[in-house]
file structure23.txt (compact mmCIF, C-alpha atoms (C1' of nucleotides))
# COMPACT_ATOMS: atom_id res chain seq x y z
CA MET A 1 203.09 103.44 59.52
CA GLN A 2 202.82 102.87 63.25
CA CYS A 3 199.92 100.72 64.37
CA ASN A 4 199.65 101.33 68.11
CA ALA A 5 197.80 104.29 69.59
CA ASN A 6 200.54 104.86 72.16
CA ASP A 7 203.16 105.54 69.49
CA ILE A 8 202.06 108.97 68.34
CA VAL A 9 202.98 112.66 68.09
CA VAL A 10 200.72 114.92 70.16
CA LEU A 11 200.62 118.47 68.85
CA ASP A 12 199.05 121.81 69.69
CA PHE A 13 199.03 125.12 67.80
CA GLU A 14 198.58 128.60 69.16
CA THR A 15 197.28 130.77 66.34
CA THR A 16 196.18 134.30 65.47
CA GLY A 17 192.55 133.14 65.24
CA LEU A 18 190.27 130.32 64.28
CA SER A 19 190.52 130.02 60.52
CA PRO A 20 193.50 129.75 58.18
CA LEU A 21 191.06 130.36 55.31
CA GLN A 22 190.43 133.80 56.81
CA GLY A 23 194.15 134.58 56.94
CA ASP A 24 194.96 133.30 60.39
CA ARG A 25 198.43 131.87 60.97
CA ALA A 26 200.19 129.76 63.55
CA ILE A 27 202.24 131.60 66.18
CA GLU A 28 203.45 128.64 68.25
CA ILE A 29 203.76 124.88 67.82
CA GLY A 30 204.29 122.47 70.68
CA ALA A 31 204.45 118.71 70.42
CA VAL A 32 205.50 115.62 72.31
CA ARG A 33 206.32 112.23 70.89
CA ILE A 34 204.89 109.26 72.79
CA ALA A 35 206.52 105.89 72.26
CA GLY A 36 205.51 102.81 74.21
CA GLY A 37 203.25 104.97 76.36
CA GLU A 38 205.97 107.41 77.44
CA VAL A 39 207.02 110.88 76.29
CA VAL A 40 210.36 110.40 74.54
CA ASP A 41 210.81 113.69 72.63
CA ARG A 42 209.55 117.27 72.56
CA PHE A 43 209.28 120.13 70.04
CA GLN A 44 208.40 123.75 70.80
CA SER A 45 208.83 127.03 68.97
CA LEU A 46 207.22 130.40 68.61
CA MET A 47 206.93 131.59 65.01
CA ASN A 48 206.51 135.02 63.48
CA PRO A 49 203.34 135.21 61.37
CA GLY A 50 204.40 138.45 59.70
CA PHE A 51 201.74 140.64 61.29
CA LYS A 52 200.67 141.72 64.76
CA VAL A 53 198.34 139.53 66.78
CA SER A 54 195.23 140.95 68.44
CA GLY A 55 194.99 141.91 72.09
CA PHE A 56 192.62 139.03 72.58
CA ILE A 57 195.19 136.51 71.35
CA SER A 58 197.99 138.06 73.41
CA ASN A 59 195.82 137.86 76.51
CA TYR A 60 194.56 134.38 75.69
CA THR A 61 197.97 132.84 75.06
CA GLY A 62 200.38 135.10 76.91
CA ILE A 63 202.29 135.45 73.64
CA SER A 64 203.09 139.10 72.93
CA ASN A 65 203.96 140.83 69.67
CA ALA A 66 207.39 141.56 71.15
CA MET A 67 207.95 137.83 71.64
CA LEU A 68 206.88 137.10 68.07
CA GLN A 69 209.07 139.82 66.57
CA GLN A 70 212.11 137.89 67.82
CA ALA A 71 210.79 134.51 66.62
CA PRO A 72 211.80 132.79 63.38
CA PRO A 73 209.28 132.91 60.51
CA CYS A 74 206.55 130.27 60.18
CA ALA A 75 208.22 128.69 57.14
CA GLU A 76 211.45 128.00 59.01
CA VAL A 77 209.74 126.55 62.09
CA MET A 78 207.27 124.44 60.14
CA ALA A 79 210.03 122.91 58.03
CA ASP A 80 211.73 121.74 61.22
CA PHE A 81 208.40 120.53 62.57
CA ALA A 82 207.69 118.54 59.41
CA ASP A 83 211.02 116.78 59.99
CA PHE A 84 210.03 116.15 63.62
CA ILE A 85 206.70 114.48 62.87
CA GLY A 86 208.01 112.40 59.97
CA ASP A 87 205.44 109.77 59.11
CA SER A 88 204.11 109.40 62.66
CA ASN A 89 200.43 109.31 63.44
CA LEU A 90 199.20 112.51 65.02
CA LEU A 91 196.92 113.51 67.87
CA ALA A 92 195.35 116.74 69.08
CA HIS A 93 192.50 117.84 71.31
CA ASN A 94 189.83 118.86 68.82
CA ALA A 95 192.05 117.65 66.02
CA SER A 96 189.97 119.23 63.26
CA PHE A 97 191.26 122.62 64.42
CA ASP A 98 194.96 121.72 64.57
CA LYS A 99 194.75 119.70 61.35
CA ARG A 100 193.46 122.76 59.48
CA PHE A 101 196.47 124.80 60.63
CA LEU A 102 198.98 122.00 60.05
CA ASP A 103 197.65 121.52 56.52
CA ALA A 104 197.72 125.27 55.85
CA GLU A 105 201.18 125.94 57.28
CA LEU A 106 202.77 122.94 55.56
CA GLY A 107 200.95 123.90 52.38
CA HIS A 108 202.69 127.28 52.47
CA ILE A 109 206.07 125.52 52.31
CA LYS A 110 204.91 122.67 50.07
CA ARG A 111 205.56 119.98 52.68
CA ARG A 112 203.32 117.02 53.46
CA TYR A 113 202.89 114.47 56.21
CA ALA A 114 201.91 110.82 55.95
CA GLY A 115 200.37 110.14 59.38
CA GLU A 116 196.71 110.05 60.30
CA PHE A 117 195.10 112.25 62.93
CA SER A 118 193.30 111.04 66.01
CA CYS A 119 191.32 113.26 68.36
CA SER A 120 191.22 113.17 72.17
CA LEU A 121 188.04 115.27 72.18
CA LEU A 122 186.09 112.73 70.13
CA LEU A 123 187.37 109.86 72.27
CA SER A 124 186.68 111.61 75.57
CA ARG A 125 183.08 112.24 74.53
CA ARG A 126 182.69 108.47 74.15
CA LEU A 127 184.76 107.28 77.11
CA TYR A 128 184.00 110.07 79.62
CA PRO A 129 180.35 110.89 78.82
CA ALA A 130 179.75 111.98 82.43
CA ALA A 131 182.45 114.69 82.40
CA PRO A 132 181.07 118.20 83.10
CA ASN A 133 182.33 119.26 79.67
CA HIS A 134 185.06 118.17 77.31
CA GLN A 135 187.46 121.08 77.46
CA LEU A 136 191.03 119.91 77.99
CA ALA A 137 191.39 121.40 81.50
CA THR A 138 188.09 119.93 82.67
CA LEU A 139 188.95 116.48 81.38
CA LEU A 140 192.29 116.52 83.21
CA LYS A 141 190.51 117.23 86.49
CA TYR A 142 187.92 114.59 85.69
CA ALA A 143 190.67 112.02 85.10
CA ASN A 144 192.58 113.09 88.26
CA ILE A 145 195.58 114.26 86.22
CA ALA A 146 197.63 116.98 87.91
CA ALA A 147 197.86 120.20 85.87
CA ASP A 148 199.56 123.27 87.33
CA GLY A 149 201.10 124.96 84.28
CA ASP A 150 200.03 127.55 81.74
CA PHE A 151 197.18 126.36 79.57
CA HIS A 152 197.02 127.91 76.10
CA ARG A 153 200.74 127.50 75.55
CA ALA A 154 201.50 124.95 72.89
CA LEU A 155 204.00 122.66 74.61
CA TYR A 156 202.10 122.55 77.90
CA ASP A 157 198.80 121.82 76.18
CA SER A 158 200.42 119.06 74.11
CA GLU A 159 201.97 117.56 77.26
CA MET A 160 198.59 117.63 79.00
CA THR A 161 196.82 116.20 75.96
CA ALA A 162 199.38 113.38 75.98
CA LYS A 163 198.57 112.59 79.62
CA LEU A 164 194.86 112.64 78.87
CA TRP A 165 195.46 110.38 75.89
CA LEU A 166 197.31 107.80 77.95
CA ALA A 167 194.46 107.83 80.47
CA LEU A 168 191.95 107.30 77.66
CA LEU A 169 194.03 104.40 76.31
CA GLN A 170 194.16 102.89 79.80
CA THR A 171 190.36 103.09 79.95
CA ILE A 172 190.12 101.35 76.57
CA SER A 173 192.53 98.64 77.74
CA GLU A 174 190.49 98.03 80.88
CA ARG A 175 187.26 97.79 78.94
CA SER A 176 188.53 95.83 75.93
CA GLY A 177 191.34 93.74 77.38
CA LEU A 178 193.68 95.05 74.65
CA SER A 179 197.19 96.32 75.35
CA PRO A 180 198.62 98.10 73.51
CA VAL A 181 195.54 99.65 71.95
CA PRO A 182 195.58 99.42 68.12
CA PHE A 183 195.50 102.75 66.29
CA ALA A 184 192.77 101.36 64.06
CA LEU A 185 190.59 100.88 67.16
CA VAL A 186 190.81 104.51 68.27
CA LYS A 187 190.15 105.71 64.71
CA LYS A 188 186.94 103.68 64.57
CA LEU A 189 185.93 104.42 68.16
CA ALA A 190 185.96 108.15 67.38
CA LYS A 191 183.08 107.57 64.96
CA VAL A 192 181.03 105.05 66.94
CA PRO A 193 177.68 106.33 68.24
CA LYS A 194 178.01 107.01 71.98
CA LYS A 195 175.39 104.46 72.96
CA SER A 196 177.24 101.77 70.98
CA VAL A 197 180.63 102.24 72.69
CA PRO A 198 180.29 99.39 75.27
CA GLU A 199 179.28 96.93 72.56
CA PHE A 200 182.05 98.19 70.25
CA LEU A 201 184.77 97.69 72.88
CA ALA A 202 183.46 94.29 73.90
CA GLN A 203 183.39 93.00 70.35
CA TRP A 204 186.68 94.42 69.02
C1' DT B 205 189.74 148.51 63.40
C1' DG B 206 186.63 144.88 63.63
C1' DC B 207 185.42 140.73 62.41
C1' DC B 208 185.85 135.90 61.01
C1' DA B 209 185.24 128.86 60.86
C1' DG B 210 184.06 124.24 60.77
C1' DG B 211 183.30 119.51 62.38
C1' DC B 212 180.81 117.01 65.74
C1' DC B 213 176.64 115.91 68.20
C1' DC B 214 172.07 116.28 70.13
C1' DT B 215 167.16 116.78 69.43
C1' DC B 216 161.51 119.52 70.21
C1' DT B 217 165.84 116.03 63.54
C1' DT B 218 166.65 114.40 58.61
C1' DT B 219 162.86 120.03 54.20
C1' DA B 220 167.14 122.35 60.87
C1' DG B 221 168.99 124.70 64.48
C1' DG B 222 172.03 125.42 68.08
C1' DG B 223 175.68 124.22 71.57
C1' DC B 224 180.37 122.53 72.10
C1' DC B 225 185.42 122.73 71.22
C1' DT B 226 189.72 124.66 69.27
C1' DT B 227 192.56 130.19 68.85
call {"tool": "encode", "arguments": {"input": "structure23.txt", "output": "structure tokens"}}
result
Amino acid sequence: MQCNANDIVVLDFETTGLSPLQGDRAIEIGAVRIAGGEVVDRFQSLMNPGFKVSGFISNYTGISNAMLQQAPPCAEVMADFADFIGDSNLLAHNASFDKRFLDAELGHIKRRYAGEFSCSLLLSRRLYPAAPNHQLATLLKYANIAADGDFHRALYDSEMTAKLWLALLQTISERSGLSPVPFALVKKLAKVPKKSVPEFLAQW
DNA sequence: TGCCAGGCCCTCTTTAGGGCCTT
């Protein structure tokens, strides 16, 4: 198990909707592996969920039914993705959403993962409390991170989440004096009451 | 065809409700 927060796999799903328990499936996975604070590997694939996606989803993601018809099935893509993530720790923006789909899709093919999730949304609420909101695009602007690609595509969103993550880790380093930042710290920080964050970082 | 969830977090709270965030 890796112990530093800058050795992590950042992932993002595009899906047919919000809930795998309601029958929604993944239609694209994108991920980047960060090691030593740099992106060292990437994974991206569309996947065919076996049914047509709604007009809303096509408009939201730019992923059409024609594109998905030519894509490999979810089972094939997710097996490759399970190999990609290995036992790495994992990160997503609003991780509870992506974790639900990762659990569901890997459950379909009886695969598991050993890593623990961290969440850039929970950390940004604690480290950037003055941001206008905590949507990914807004946080990138707030942190002065250039973003000129297509949001709501899995690889681009995972790349941007990785950049946001590194900025958040830099903020933690500046406020705590720690570098690299321990993974255990970010796990606990995500649950610290907002008003207790300065004290938490000073005392770690 | 149309519709759907759930965890976090705040407060006019905890015997609850509603906004935010993800697709």
call {"tool": "axis_aligned_box", "arguments": {"input": "structure23.txt", "around": "region 207-219 of chain B", "padding_each_side": "4 Å", "output": "lines of an AutoDock Vina configuration file"}}
result
center_x = 173.7
center_y = 127.6
center_z = 62.2
size_x = 32.3
size_y = 34.3
size_z = 24.0
call {"tool": "atom_distance", "arguments": {"input": "structure23.txt", "atom1": "CA of Ser54 (chain A)", "atom2": "CA of Arg153 (chain A)"}}
result
16.2 Å
call {"tool": "interface_residues", "arguments": {"input": "structure23.txt", "of": "chain A", "to": "chain B", "cutoff": "6 Å", "atoms": "all atoms listed in the file", "output": "tab-separated table (two decimals) with C-alpha atoms, in the coordinates of the input"}}
result
chain	number	residue	atom	x	y	z
A	15	THR	CA	197.28	130.77	66.34
A	17	GLY	CA	192.55	133.14	65.24
A	18	LEU	CA	190.27	130.32	64.28
A	19	SER	CA	190.52	130.02	60.52
A	94	ASN	CA	189.83	118.86	68.82
A	97	PHE	CA	191.26	122.62	64.42
call {"tool": "atom_distance", "arguments": {"input": "structure23.txt", "atom1": "CA of Ser64 (chain A)", "atom2": "CA of Thr161 (chain A)"}}
result
23.9 Å
call {"tool": "atom_distance", "arguments": {"input": "structure23.txt", "atom1": "CA of Phe117 (chain A)", "atom2": "CA of Leu91 (chain A)"}}
result
5.4 Å
call {"tool": "residues_around", "arguments": {"input": "structure23.txt", "residues": "region 42-51 of chain A", "least_positions_apart": "4", "cutoff": "6 Å", "atoms": "only C-alpha atoms (C1' of nucleotides)", "output": "list of chain:residue names"}}
result
A:Arg25, A:Ile27, A:Glu28, A:Ile29, A:Gly30, A:Ala31, A:Val32, A:Leu68, A:Ala71, A:Pro72, A:Pro73, A:Cys74, A:Leu155
call {"tool": "residues_around", "arguments": {"input": "structure23.txt", "residues": "Phe200 (chain A)", "least_positions_apart": "5", "cutoff": "10 Å", "atoms": "only C-alpha atoms (C1' of nucleotides)", "output": "NGL selection string"}}
result
:A and (176 or 185 or 188-189 or 192-195)
call {"tool": "residues_around", "arguments": {"input": "structure23.txt", "residues": "His108 (chain A)", "least_positions_apart": "2", "cutoff": "12 Å", "atoms": "all atoms listed in the file", "output": "list of chain:residue names"}}
result
A:Pro20, A:Arg25, A:Ala26, A:Pro49, A:Pro73, A:Cys74, A:Ala75, A:Glu76, A:Val77, A:Met78, A:Ala79, A:Phe101, A:Leu102, A:Asp103, A:Ala104, A:Glu105, A:Leu106, A:Lys110, A:Arg111, A:Arg112
